[in-house]
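For reference, the structure discussed in these notes is given below.
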Amino acid sequence: MYLESFGLKKKPFSLTSDPSMLYFTDSHREALAVLCYGLLERKGLILLLGHAGTGKTTLLARAVMGLPPSRVQFASIVNPTITSAEFMETVLLGFGIREIPASKPQRLARLEKHLFETQSEGKIAALVVDEAHKLSTDALEEVRLLGNLERRSEKLLQIILAGQNELAATMNRDDCVQLKQRVALRVSLRPLAVADVGRYIACRWARAGGRQRAPFSPQAVELTARVSQGIPRLINVVCDNSLMVAFGEQSRVVEASHVTESCEELDLLDGSAGAIAGDMRDSEPDLPPGGEASPWNVAPRNKVSAGGR
């Protein structure tokens with residue numbers, strides 16, 4: 001609705017996992033490098049952890065997009081709330097195998113045959129499991145067994161388990177000790193630091209086609225950072241709704257008052273954030289109509305508390 005008004009080509013704060021919109025913090029760069037290295041070097045099992053909304057799915061999509069199909073063949077599981085039998089069936093379907101054998105031994109033999117063929121072609125077979133913290137104990141055991149498939153001291157299947165931080169606690173359980181011992185690489189995504197939120201907003205605005213600087217006042221950026229706690233998904237939600245509020249008021253600049261209103265509607269304001277919003281509303285400077293505010297010159301007061309850098 002507001003795209004034409006702000007001169008945008010697409011939504012800058014969409015909640016879809018668009019790899020082209022990925023903003024790289026140090027932890028995102030490190031995670032992408034670890035994923036690509038682990039896959040190409042056939043390390044076996046890789047763990048990607050992160051708070052909900054920190055960009056794990058988008059990062060996985062970027063990794064898949066960045067590795068050529070001639071080198072790596074991917075199978076993905078995006079809904080892991082399945083039984084162990086369904087897990088193996090989903091893996092086979094992911095690798096393009098449509099004739100699914102009836103029994104588990106036959107399914108395993110069919111998958112192993114495919115993995116041998118893939119390796120003989122000089123390709124790497126990779127299984128990506130998103131939302132892996134939702135995997136059942138039986139499904140995790142299937143992951144462990146698949147990780148045992150080897151040929152000439154090389155892992156036939158590379159596995160990425162991407163999940164929220166509770167996956168780490170799951171891996172520490174007594175019944176998951178053997179699986180944890182097979183983790184070759186482990187990397188975590190962290191929320192954005194307060195000072196990074198303005199850069200994040202500016203980056204996505206530019207990639208959405210914005211020719212001018214993102215029209216968020218410094219106070220709006222700071223409040224967004226504090227309310228979102230640096231979680232990219234929440235930043236997107238707040239910014240998108242704040243733009244709608246500003247558009248409805250025919251304002252060319254998103255002010256802290258617009259952020260406050262959108263956060264109240266979304267029930268995102270706690271006591272401290274509400275107090276900050278009130279202070280900003282009282283002290284917010286007047287800007288000329290159509291005036292531009294730099295979104296990246298916010299002086300951070302404190303680091304975000306939930307895992308912030």
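Letters A, B, ... go to the chains of the structure tokens in the order shown; residues in each chain start at 1; ligands are counted from 1 in the same order.
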*asked:* So that I can check the surroundings of A:Glu255, please list as a PyMOL selection string every protein, DNA and RNA residue that reaches within 8 Å of it, counting only C-alpha atoms and ignoring chain neighbours fewer than 4 positions away.
replied: chain A and resi 216-217+219-220+246+259
*asked:* So that I can check the secondary structure, give me every residue of stretch 156-287 of chain A assigned strand (DSSP E) by backbone DSSP, as JSON, numbers by chain.
replied: {"A": [157, 158, 159, 160, 161, 162, 163, 183, 184, 185, 186, 187, 188, 189]}
Taking all heavy atoms for each residue, export the selection above as a compact mmCIF listing (two decimals), in the first residue's frame.
# COMPACT_ATOMS: atom_id res chain seq x y z
N LEU A 157 26.53 -38.29 3.28
CA LEU A 157 25.46 -37.31 3.42
C LEU A 157 25.89 -36.22 4.40
O LEU A 157 26.29 -36.50 5.53
CB LEU A 157 24.18 -37.98 3.93
CG LEU A 157 22.95 -37.07 4.12
CD1 LEU A 157 22.52 -36.47 2.78
CD2 LEU A 157 21.80 -37.86 4.75
N GLN A 158 25.83 -34.97 3.93
CA GLN A 158 26.10 -33.83 4.80
C GLN A 158 24.76 -33.35 5.37
O GLN A 158 23.79 -33.22 4.63
CB GLN A 158 26.78 -32.71 4.02
CG GLN A 158 27.92 -33.16 3.12
CD GLN A 158 28.92 -34.05 3.83
OE1 GLN A 158 29.42 -33.70 4.90
NE2 GLN A 158 29.22 -35.20 3.26
N ILE A 159 24.74 -33.09 6.66
CA ILE A 159 23.48 -32.75 7.32
C ILE A 159 23.63 -31.43 8.06
O ILE A 159 24.58 -31.23 8.83
CB ILE A 159 23.06 -33.85 8.32
CG1 ILE A 159 22.95 -35.21 7.61
CG2 ILE A 159 21.73 -33.49 8.98
CD1 ILE A 159 22.73 -36.38 8.56
N ILE A 160 22.68 -30.53 7.83
CA ILE A 160 22.60 -29.28 8.58
C ILE A 160 21.34 -29.30 9.42
O ILE A 160 20.23 -29.43 8.89
CB ILE A 160 22.57 -28.04 7.66
CG1 ILE A 160 23.86 -27.94 6.84
CG2 ILE A 160 22.37 -26.77 8.49
CD1 ILE A 160 23.85 -26.78 5.85
N LEU A 161 21.49 -29.21 10.73
CA LEU A 161 20.35 -29.07 11.64
C LEU A 161 20.29 -27.62 12.08
O LEU A 161 21.20 -27.13 12.76
CB LEU A 161 20.50 -29.98 12.86
CG LEU A 161 20.49 -31.49 12.64
CD1 LEU A 161 20.58 -32.22 13.97
CD2 LEU A 161 19.24 -31.93 11.88
N ALA A 162 19.25 -26.93 11.68
CA ALA A 162 19.08 -25.52 12.04
C ALA A 162 17.89 -25.40 12.97
O ALA A 162 16.79 -25.84 12.64
CB ALA A 162 18.86 -24.66 10.80
N GLY A 163 18.11 -24.81 14.14
CA GLY A 163 17.02 -24.71 15.09
C GLY A 163 17.24 -23.64 16.13
O GLY A 163 18.31 -23.03 16.21
N VAL A 183 28.59 -34.07 15.89
CA VAL A 183 28.54 -32.69 15.41
C VAL A 183 29.96 -32.23 15.09
O VAL A 183 30.81 -32.11 15.97
CB VAL A 183 27.90 -31.74 16.46
CG1 VAL A 183 27.97 -30.30 15.97
CG2 VAL A 183 26.46 -32.16 16.74
N ALA A 184 30.20 -31.97 13.81
CA ALA A 184 31.54 -31.56 13.38
C ALA A 184 31.74 -30.06 13.50
O ALA A 184 32.83 -29.58 13.81
CB ALA A 184 31.79 -32.00 11.94
N LEU A 185 30.67 -29.29 13.24
CA LEU A 185 30.75 -27.84 13.28
C LEU A 185 29.48 -27.29 13.93
O LEU A 185 28.38 -27.83 13.71
CB LEU A 185 30.89 -27.25 11.87
CG LEU A 185 32.17 -27.61 11.09
CD1 LEU A 185 32.02 -27.21 9.64
CD2 LEU A 185 33.38 -26.94 11.72
N ARG A 186 29.64 -26.24 14.69
CA ARG A 186 28.50 -25.62 15.37
C ARG A 186 28.68 -24.11 15.34
O ARG A 186 29.75 -23.60 15.65
CB ARG A 186 28.43 -26.13 16.81
CG ARG A 186 27.40 -25.43 17.68
CD ARG A 186 27.29 -26.13 19.01
NE ARG A 186 26.56 -25.34 20.00
CZ ARG A 186 26.09 -25.83 21.14
NH1 ARG A 186 26.29 -27.11 21.43
NH2 ARG A 186 25.45 -25.05 21.98
N VAL A 187 27.61 -23.41 14.96
CA VAL A 187 27.69 -21.95 14.84
C VAL A 187 26.35 -21.36 15.25
O VAL A 187 25.30 -22.01 15.10
CB VAL A 187 28.06 -21.54 13.40
CG1 VAL A 187 26.97 -21.88 12.42
CG2 VAL A 187 28.43 -20.07 13.33
N SER A 188 26.37 -20.14 15.78
CA SER A 188 25.15 -19.51 16.28
C SER A 188 24.96 -18.13 15.66
O SER A 188 25.93 -17.41 15.40
CB SER A 188 25.20 -19.37 17.80
OG SER A 188 25.27 -20.63 18.43
N LEU A 189 23.70 -17.76 15.45
CA LEU A 189 23.34 -16.41 15.03
C LEU A 189 22.92 -15.62 16.26
O LEU A 189 22.21 -16.13 17.13
CB LEU A 189 22.18 -16.44 14.03
CG LEU A 189 22.46 -17.07 12.66
CD1 LEU A 189 21.22 -16.98 11.78
CD2 LEU A 189 23.64 -16.41 11.98
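Closest approach to A:Gly53 from the set A:Phe6, A:Leu108, A:Thr90, A:Asn165 is made by A:Asn165, with distances taken over only C-alpha atoms.
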*Excluding stretch 151-156 of chain A and residues on its chain fewer than 2 positions from it, collect all residues at most 8 Å away from it, counting only C-alpha atoms, and give them as number ranges by chain.*
A: 42-44, 115-116, 119, 124-125, 147-149, 158
Selected residues written out, N, CA and C atoms, as an mmCIF file, in the first residue's frame:
data_model
loop_
_atom_site.group_PDB
_atom_site.id
_atom_site.type_symbol
_atom_site.label_atom_id
_atom_site.label_comp_id
_atom_site.auth_asym_id
_atom_site.auth_seq_id
_atom_site.Cartn_x
_atom_site.Cartn_y
_atom_site.Cartn_z
ATOM 1 N N ARG A 42 32.810 -31.839 3.277
ATOM 2 C CA ARG A 42 32.159 -33.087 3.703
ATOM 3 C C ARG A 42 32.406 -33.382 5.179
ATOM 4 N N LYS A 43 32.111 -32.389 6.020
ATOM 5 C CA LYS A 43 32.368 -32.550 7.446
ATOM 6 C C LYS A 43 31.341 -33.428 8.145
ATOM 7 N N GLY A 44 30.174 -33.595 7.539
ATOM 8 C CA GLY A 44 29.159 -34.442 8.158
ATOM 9 C C GLY A 44 28.027 -33.648 8.759
ATOM 10 N N LEU A 115 23.009 -41.988 -2.790
ATOM 11 C CA LEU A 115 24.163 -41.248 -2.278
ATOM 12 C C LEU A 115 25.462 -41.730 -2.926
ATOM 13 N N PHE A 116 25.566 -43.030 -3.168
ATOM 14 C CA PHE A 116 26.734 -43.561 -3.879
ATOM 15 C C PHE A 116 26.813 -42.974 -5.289
ATOM 16 N N GLN A 119 27.912 -39.320 -5.149
ATOM 17 C CA GLN A 119 29.350 -39.187 -4.907
ATOM 18 C C GLN A 119 30.158 -39.565 -6.139
ATOM 19 N N ILE A 124 28.031 -33.451 -3.997
ATOM 20 C CA ILE A 124 27.849 -33.562 -2.554
ATOM 21 C C ILE A 124 26.358 -33.584 -2.265
ATOM 22 N N ALA A 125 25.911 -34.592 -1.518
ATOM 23 C CA ALA A 125 24.510 -34.682 -1.115
ATOM 24 C C ALA A 125 24.351 -34.049 0.257
ATOM 25 N N GLY A 147 23.880 -40.129 9.467
ATOM 26 C CA GLY A 147 25.232 -39.594 9.575
ATOM 27 C C GLY A 147 26.300 -40.663 9.577
ATOM 28 N N ASN A 148 25.895 -41.905 9.769
ATOM 29 C CA ASN A 148 26.861 -43.009 9.767
ATOM 30 C C ASN A 148 27.197 -43.500 8.367
ATOM 31 N N LEU A 149 26.457 -43.056 7.362
ATOM 32 C CA LEU A 149 26.693 -43.532 5.996
ATOM 33 C C LEU A 149 28.001 -42.965 5.474
ATOM 34 N N GLN A 158 25.829 -34.972 3.929
ATOM 35 C CA GLN A 158 26.099 -33.831 4.796
ATOM 36 C C GLN A 158 24.762 -33.352 5.367
#
*Once DSSP has gone over the backbone, tell me which residues of stretch 5-195 of chain A are in helix (DSSP H, G or I), as a count of residues only.*
88
*To one decimal in Å, tell me the separation between atom CA of A:Met65 and atom CA of A:Ser17.*
12.3 Å
*Contacts of A:Thr137 within 10 Å, only C-alpha atoms, excl. fewer than 2 positions in-chain, as a VMD selection string*: chain A and resid 83 to 84 134 to 135 139 to 143 170 175 to 176
_Pick from A:Arg252, A:Ala202, A:Arg207, A:Ala193, whichever lies nearest to A:Ala225 using only C-alpha atoms_ = A:Ala193
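Using only C-alpha atoms, the shortest contact distance between A:Glu166 and any of A:Arg226, A:Arg62, A:Lys180, A:His133 is found at A:His133.
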*Which distance in Å separates atom CA of A:Lys10 and atom CA of A:Ala208, to one decimal?*
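Here the two named atoms are 5.2 Å from each other.
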May I have the residues within 10 Å of A:Ser70 as an mmCIF file with N, CA and C atoms, in the first residue's frame, using only C-alpha atoms and disregarding those fewer than 6 positions away in the same chain?
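And here is the file that came out, result-v6.cif:
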data_model
loop_
_atom_site.group_PDB
_atom_site.id
_atom_site.type_symbol
_atom_site.label_atom_id
_atom_site.label_comp_id
_atom_site.auth_asym_id
_atom_site.auth_seq_id
_atom_site.Cartn_x
_atom_site.Cartn_y
_atom_site.Cartn_z
ATOM 1 N N GLU A 121 29.379 -39.110 -9.110
ATOM 2 C CA GLU A 121 29.277 -38.003 -10.068
ATOM 3 C C GLU A 121 30.076 -36.783 -9.622
ATOM 4 N N GLY A 122 30.732 -36.910 -8.480
ATOM 5 C CA GLY A 122 31.515 -35.795 -7.970
ATOM 6 C C GLY A 122 30.693 -34.734 -7.270
ATOM 7 N N LYS A 123 29.480 -35.077 -6.896
ATOM 8 C CA LYS A 123 28.598 -34.143 -6.222
ATOM 9 C C LYS A 123 28.522 -34.431 -4.722
ATOM 10 N N ILE A 124 28.031 -33.451 -3.997
ATOM 11 C CA ILE A 124 27.849 -33.562 -2.554
ATOM 12 C C ILE A 124 26.358 -33.584 -2.265
#
_Residue with smallest distance to A:Ala33 - pool A:Leu59, A:Arg173, A:Leu92, A:Lys11, counting only C-alpha atoms_ = A:Leu59
*Å distance separating atom CA of A:Glu131 from atom CA of A:Arg110, one decimal place*: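 Computing it gives 25.9 Å between the two atoms.
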*Excluding same-chain residues fewer than 4 positions from A:Asp196, what lies within 9 Å of it counting only C-alpha atoms, as a VMD selection string?*
chain A and resid 25 192 200 to 201 225 230 296
I need the residues from that last selection saved to file as an mmCIF file, in the first residue's frame (with N, CA and C atoms), if you can.
data_model
loop_
_atom_site.group_PDB
_atom_site.id
_atom_site.type_symbol
_atom_site.label_atom_id
_atom_site.label_comp_id
_atom_site.auth_asym_id
_atom_site.auth_seq_id
_atom_site.Cartn_x
_atom_site.Cartn_y
_atom_site.Cartn_z
ATOM 1 N N THR A 25 25.530 -9.463 9.593
ATOM 2 C CA THR A 25 26.311 -9.099 10.770
ATOM 3 C C THR A 25 27.544 -10.001 10.785
ATOM 4 N N LEU A 192 20.871 -8.492 16.479
ATOM 5 C CA LEU A 192 21.638 -7.314 16.090
ATOM 6 C C LEU A 192 21.932 -6.452 17.312
ATOM 7 N N TYR A 200 20.685 -2.057 9.371
ATOM 8 C CA TYR A 200 19.791 -3.099 8.866
ATOM 9 C C TYR A 200 18.618 -2.477 8.113
ATOM 10 N N ILE A 201 17.993 -1.490 8.731
ATOM 11 C CA ILE A 201 16.854 -0.821 8.098
ATOM 12 C C ILE A 201 17.283 -0.156 6.793
ATOM 13 N N ALA A 225 14.855 -0.576 17.822
ATOM 14 C CA ALA A 225 15.926 -1.437 18.319
ATOM 15 C C ALA A 225 15.603 -1.969 19.701
ATOM 16 N N GLY A 230 16.727 -6.390 18.832
ATOM 17 C CA GLY A 230 17.674 -6.751 17.785
ATOM 18 C C GLY A 230 17.299 -7.979 16.984
ATOM 19 N N TRP A 296 21.322 5.663 10.479
ATOM 20 C CA TRP A 296 22.477 4.918 10.995
ATOM 21 C C TRP A 296 23.373 5.741 11.915
#
*asked:* With distances taken over only C-alpha atoms, which residue among A:Leu15, A:Leu22, A:Ala195, A:Leu223 lies nearest A:Glu261?
replied: A:Leu223
_List the spatial neighbours of stretch 35-37 of chain A as a PyMOL selection string - criterion: any atom at most 8 Å away, only C-alpha atoms, same-chain residues fewer than 6 positions off excluded._
chain A and resi 46+63+67+160
